[in-house]
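Down below is the structure, laid out as structure tokens.
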Amino acid sequence: GSEMCIRDRYDINKEAARYYHYLLETETGNNARAYFNKRELSNDTIKSFGLGVSGIKSDDLYHYIKNKGYNDGQMKESGLFIYDEKGAHDRFRNRVMFPIINTNNKVIGFGGRVMGEGQPKYLNSPETIVFDKGRNLYGLNAAKNSRKNNIIICEGYMDVISMHQAGFNNAVASLGTALTSQQASLLKRYTDEVLIIYDSDEAGVKAALRAIPMLKTAGLSTKVINLRPYKDPDEFIKNMGKEAFQERLDHGMNSFMFELKALEGQYDMEDPQGRTDFFKETAKRLLRFEDEIERSSYI
């Protein structure tokens with residue numbers, strides 16, 4: 001029945017994760033190990049995130065899973081294989097592999113990153129019965145036990161991993177898509193405050209502006225962390241250290257002020273008309289605060 005089916009999916013994913021992790025120690029894993037070393041990941045970190053590498057041949061995983069006694073029907077539904085006129089082959093090849101683990105500690109899918117040049121840079125498992133990108137967050141399985149009073153949301157798997165390694169084990173990332181309202185509600189189960197750290201480029205600012213209203217709707221208070229002049233947490237921590245990073249976390253910018261600062265950039269503040277338009281738009285946004293006390297303090 002379907003019960004069995006769901007359990008099989010989790011089991012196939014778990015077997016795949018084991019296989020990818022095992023390959024890391026073989027000849028196949030040389031480039032991946034070099035990549036992790038360059039990112040200065042410890043063996044403990046690699047182990048606790050279950051990181052691995054996918055094989056170079058087009059059907060390495062296929063044969064491995066097949067030999068474990070699974071049939072093509074079950075394998076097809078796992079999303080780990082592509083079936084076409086040439087037969088079956090592995091979806092992930094020659095990539096660094098990140099197992100995606102849900103809050104019940106089940107492997108539900110994978111992210112794979114190319115090590116050299118190649119497109120797409122990140123490839124995720126397709127949606128399956130057990131893998132719904134919009135309802136899970138990378139790293140939440142660990143972050144939910146972090147005992148910190150907030151959760152940090154950042155851009156990518158590597159950001160999450162390097163933050164956890166540096167002791168900021170309350171970091172999570174959305175799974176290759178923009179933050180969804182379901183993810184915001186999921187965060188609300190574990191915390192009341194979210195710190196947003198997106199890359200300090202234009203795309204990062206845009207992503208933050210999209211996430212803020214969703215987090216607010218879910219009832220989360222939100223601050224935006226500025227890492228300039230560095231691009232991402234990994235770079236910042238390697239250059240400035242953990243104490244400086246904690247300092248930035250403690251002095252996040254209020255999300256409303258962040259929205260206003262971004263808005264201000266769209267008006268000519270030297271021009272009286274520009275200023276007037278900016279303040280009118282700001283006033284409109286102040287009206288969105290239902291709570292009179294909150295509204296007055298912002299005014």
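Identifiers in this document derive from the order of the structure tokens: chains are assigned A, B, ..., residues are numbered from 1 separately in each chain, and ligands are numbered from 1 in order of occurrence.
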
Let's see if you can do this: from backbone DSSP, list all helix (DSSP H, G or I) residues in region 218-285 of chain A, as a ChimeraX atom specification. /A:233-240,242-250,255-264,272-285

Would you kindly return, as a PDB file with all heavy atoms, in the first residue's frame, each protein, DNA or RNA residue with an atom no farther than 9 Å from any atom of region 71-77 of chain A, considering only C-alpha atoms and excluding same-chain residues fewer than 6 positions away?
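Output (around23.pdb):
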```
ATOM      1  N   CYS A   5       5.023   2.456   0.324  1.00  0.00           N
ATOM      2  CA  CYS A   5       5.573   3.275  -0.747  1.00  0.00           C
ATOM      3  C   CYS A   5       6.364   4.466  -0.187  1.00  0.00           C
ATOM      4  O   CYS A   5       7.491   4.709  -0.570  1.00  0.00           O
ATOM      5  CB  CYS A   5       4.408   3.749  -1.597  1.00  0.00           C
ATOM      6  SG  CYS A   5       4.930   4.706  -2.972  1.00  0.00           S
ATOM      7  N   ASP A   8       9.546   3.356   1.411  1.00  0.00           N
ATOM      8  CA  ASP A   8      10.540   3.039   0.384  1.00  0.00           C
ATOM      9  C   ASP A   8      11.256   4.290  -0.107  1.00  0.00           C
ATOM     10  O   ASP A   8      12.460   4.285  -0.314  1.00  0.00           O
ATOM     11  CB  ASP A   8       9.872   2.398  -0.841  1.00  0.00           C
ATOM     12  CG  ASP A   8       9.498   0.951  -0.560  1.00  0.00           C
ATOM     13  OD1 ASP A   8      10.058   0.389   0.384  1.00  0.00           O
ATOM     14  OD2 ASP A   8       8.653   0.416  -1.284  1.00  0.00           O
ATOM     15  N   ARG A   9      10.489   5.346  -0.295  1.00  0.00           N
ATOM     16  CA  ARG A   9      11.099   6.581  -0.811  1.00  0.00           C
ATOM     17  C   ARG A   9      12.164   7.081   0.148  1.00  0.00           C
ATOM     18  O   ARG A   9      13.236   7.468  -0.264  1.00  0.00           O
ATOM     19  CB  ARG A   9      10.053   7.685  -0.918  1.00  0.00           C
ATOM     20  CG  ARG A   9       8.838   7.216  -1.620  1.00  0.00           C
ATOM     21  CD  ARG A   9       8.589   8.024  -2.825  1.00  0.00           C
ATOM     22  NE  ARG A   9       7.531   7.355  -3.540  1.00  0.00           N
ATOM     23  CZ  ARG A   9       6.609   7.964  -4.214  1.00  0.00           C
ATOM     24  NH1 ARG A   9       6.630   9.263  -4.293  1.00  0.00           N
ATOM     25  NH2 ARG A   9       5.700   7.299  -4.851  1.00  0.00           N
ATOM     26  N   ILE A  12      15.184   4.707  -0.034  1.00  0.00           N
ATOM     27  CA  ILE A  12      16.025   4.891  -1.236  1.00  0.00           C
ATOM     28  C   ILE A  12      16.883   6.145  -1.070  1.00  0.00           C
ATOM     29  O   ILE A  12      18.083   6.130  -1.350  1.00  0.00           O
ATOM     30  CB  ILE A  12      15.169   4.975  -2.524  1.00  0.00           C
ATOM     31  CG1 ILE A  12      14.593   3.578  -2.843  1.00  0.00           C
ATOM     32  CG2 ILE A  12      15.997   5.488  -3.704  1.00  0.00           C
ATOM     33  CD1 ILE A  12      13.721   3.527  -4.095  1.00  0.00           C
ATOM     34  N   TYR A  62      22.439   4.037  -9.919  1.00  0.00           N
ATOM     35  CA  TYR A  62      21.398   3.140 -10.418  1.00  0.00           C
ATOM     36  C   TYR A  62      21.712   1.688 -10.044  1.00  0.00           C
ATOM     37  O   TYR A  62      20.878   0.991  -9.469  1.00  0.00           O
ATOM     38  CB  TYR A  62      21.246   3.287 -11.938  1.00  0.00           C
ATOM     39  CG  TYR A  62      20.189   2.352 -12.506  1.00  0.00           C
ATOM     40  CD1 TYR A  62      18.847   2.664 -12.404  1.00  0.00           C
ATOM     41  CD2 TYR A  62      20.549   1.149 -13.110  1.00  0.00           C
ATOM     42  CE1 TYR A  62      17.860   1.807 -12.903  1.00  0.00           C
ATOM     43  CE2 TYR A  62      19.581   0.275 -13.612  1.00  0.00           C
ATOM     44  CZ  TYR A  62      18.235   0.616 -13.494  1.00  0.00           C
ATOM     45  OH  TYR A  62      17.272  -0.238 -13.970  1.00  0.00           O
ATOM     46  N   ILE A  65      21.596   1.066  -6.124  1.00  0.00           N
ATOM     47  CA  ILE A  65      20.244   0.960  -5.547  1.00  0.00           C
ATOM     48  C   ILE A  65      19.540  -0.312  -6.039  1.00  0.00           C
ATOM     49  O   ILE A  65      18.854  -0.993  -5.290  1.00  0.00           O
ATOM     50  CB  ILE A  65      19.399   2.219  -5.880  1.00  0.00           C
ATOM     51  CG1 ILE A  65      20.027   3.482  -5.261  1.00  0.00           C
ATOM     52  CG2 ILE A  65      17.959   2.064  -5.405  1.00  0.00           C
ATOM     53  CD1 ILE A  65      19.986   3.567  -3.751  1.00  0.00           C
ATOM     54  N   TYR A  83      14.587   8.392 -16.603  1.00  0.00           N
ATOM     55  CA  TYR A  83      14.267   7.283 -17.506  1.00  0.00           C
ATOM     56  C   TYR A  83      13.934   7.869 -18.874  1.00  0.00           C
ATOM     57  O   TYR A  83      13.056   8.711 -18.986  1.00  0.00           O
ATOM     58  CB  TYR A  83      13.072   6.488 -16.966  1.00  0.00           C
ATOM     59  CG  TYR A  83      13.437   5.604 -15.807  1.00  0.00           C
ATOM     60  CD1 TYR A  83      13.592   6.131 -14.522  1.00  0.00           C
ATOM     61  CD2 TYR A  83      13.653   4.235 -15.975  1.00  0.00           C
ATOM     62  CE1 TYR A  83      13.947   5.330 -13.454  1.00  0.00           C
ATOM     63  CE2 TYR A  83      14.005   3.419 -14.912  1.00  0.00           C
ATOM     64  CZ  TYR A  83      14.154   3.974 -13.656  1.00  0.00           C
ATOM     65  OH  TYR A  83      14.512   3.165 -12.599  1.00  0.00           O
ATOM     66  N   ALA A  88      17.797   3.925 -18.040  1.00  0.00           N
ATOM     67  CA  ALA A  88      17.817   4.683 -16.790  1.00  0.00           C
ATOM     68  C   ALA A  88      19.214   5.219 -16.522  1.00  0.00           C
ATOM     69  O   ALA A  88      20.195   4.523 -16.731  1.00  0.00           O
ATOM     70  CB  ALA A  88      17.386   3.788 -15.647  1.00  0.00           C
ATOM     71  N   THR A 128       8.747  15.367  -5.185  1.00  0.00           N
ATOM     72  CA  THR A 128       8.180  14.010  -5.117  1.00  0.00           C
ATOM     73  C   THR A 128       7.167  14.033  -3.981  1.00  0.00           C
ATOM     74  O   THR A 128       6.983  15.069  -3.335  1.00  0.00           O
ATOM     75  CB  THR A 128       9.263  12.960  -4.781  1.00  0.00           C
ATOM     76  OG1 THR A 128       9.777  13.256  -3.479  1.00  0.00           O
ATOM     77  CG2 THR A 128      10.392  12.945  -5.789  1.00  0.00           C
ATOM     78  N   ILE A 129       6.538  12.890  -3.721  1.00  0.00           N
ATOM     79  CA  ILE A 129       5.585  12.833  -2.609  1.00  0.00           C
ATOM     80  C   ILE A 129       6.248  13.268  -1.307  1.00  0.00           C
ATOM     81  O   ILE A 129       5.636  13.916  -0.483  1.00  0.00           O
ATOM     82  CB  ILE A 129       4.995  11.406  -2.472  1.00  0.00           C
ATOM     83  CG1 ILE A 129       4.007  11.161  -3.607  1.00  0.00           C
ATOM     84  CG2 ILE A 129       4.294  11.230  -1.129  1.00  0.00           C
ATOM     85  CD1 ILE A 129       3.217   9.897  -3.506  1.00  0.00           C
TER      86      ILE A 129
END
```

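Non-sequential neighbours of Thr28 (chain A) (distance at most 12 Å, separation of 3 or more positions within a chain, only C-alpha atoms) are A:Tyr19, A:Tyr20, A:His21, A:Tyr22, A:Leu23, A:Leu24, A:Glu25, A:Asn31, A:Ala32, A:Arg33, A:Ala34, A:Gly52, A:Val53, A:Ser54, A:Gly55, A:Ile56, A:Lys57, A:Asp60, A:Arg93, A:Asn94, A:Arg95, A:Val96.
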
Proximity of region 202-254 of chain A to region 267-288 of chain A: per-residue shortest pair, 12 Å limit, only C-alpha atoms, as a tab-separated table:
```
residue	atom	partner	partner_atom	distance
A:Pro213	CA	A:Arg288	CA	11.1
A:Lys216	CA	A:Arg288	CA	11.3
A:Thr217	CA	A:Arg288	CA	11.6
```

Region 158-162 of chain A: which residues within 9 Å, counting only C-alpha atoms, same-chain residues fewer than 3 positions away excluded, as an MDAnalysis selection string? chainID A and resid 39:41 45:46 49 138:139 152:155 165:173 232:234 237

If you run DSSP over the backbone, which residues in region 6-252 of chain A end up strand (DSSP E or B)? Put them as a VMD selection string. chain A and resid 52 to 53 81 to 84 87 to 90 95 to 101 107 to 114 122 to 124 137 to 138 151 to 154 171 to 174 193 to 197 221 to 224

With a distance cut-off of 6 Å and only C-alpha atoms, select the neighbouring residues of Ile100 (chain A), excluding the residue or stretch itself and same-chain residues fewer than 6 positions from it, and output the selection as a list in words. Val107, Ile108, Gly109 and Phe110 of chain A

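Going from CA of Ala262 (chain A) to CA of Leu187 (chain A) covers 25.0 Å.
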
At a cut-off of 7 Å, using only C-alpha atoms, what residues contact Asp192 (chain A)? Leave out same-chain residues fewer than 3 positions from it and give the result as a VMD selection string. chain A and resid 150 188 220 to 221

Write to file, as a tab-separated table (two decimals), in the first residue's frame, the residues of the selection just made, with N, CA, C and O atoms.
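Result file follows (selection_32.tsv):
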```tsv
chain	number	residue	atom	x	y	z
A	150	ASN	N	16.79	33.08	18.03
A	150	ASN	CA	16.29	33.43	16.70
A	150	ASN	C	16.81	32.42	15.68
A	150	ASN	O	17.63	31.56	16.02
A	188	LYS	N	7.96	29.87	12.22
A	188	LYS	CA	7.21	30.39	13.37
A	188	LYS	C	7.01	29.32	14.44
A	188	LYS	O	6.86	29.61	15.62
A	220	LEU	N	6.34	36.81	12.52
A	220	LEU	CA	7.74	36.81	12.96
A	220	LEU	C	8.30	38.22	12.94
A	220	LEU	O	8.08	38.96	11.99
A	221	SER	N	9.06	38.59	13.97
A	221	SER	CA	9.75	39.87	13.87
A	221	SER	C	11.05	39.62	13.11
A	221	SER	O	11.65	38.55	13.22
```

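Counting only C-alpha atoms and comparing A:Leu175, A:Ile197, A:Ile212, A:Met257, the residue that lies closest to Phe236 (chain A) is A:Ile197.
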
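Going from CA of Gly112 (chain A) to CA of Met97 (chain A) covers 4.6 Å.
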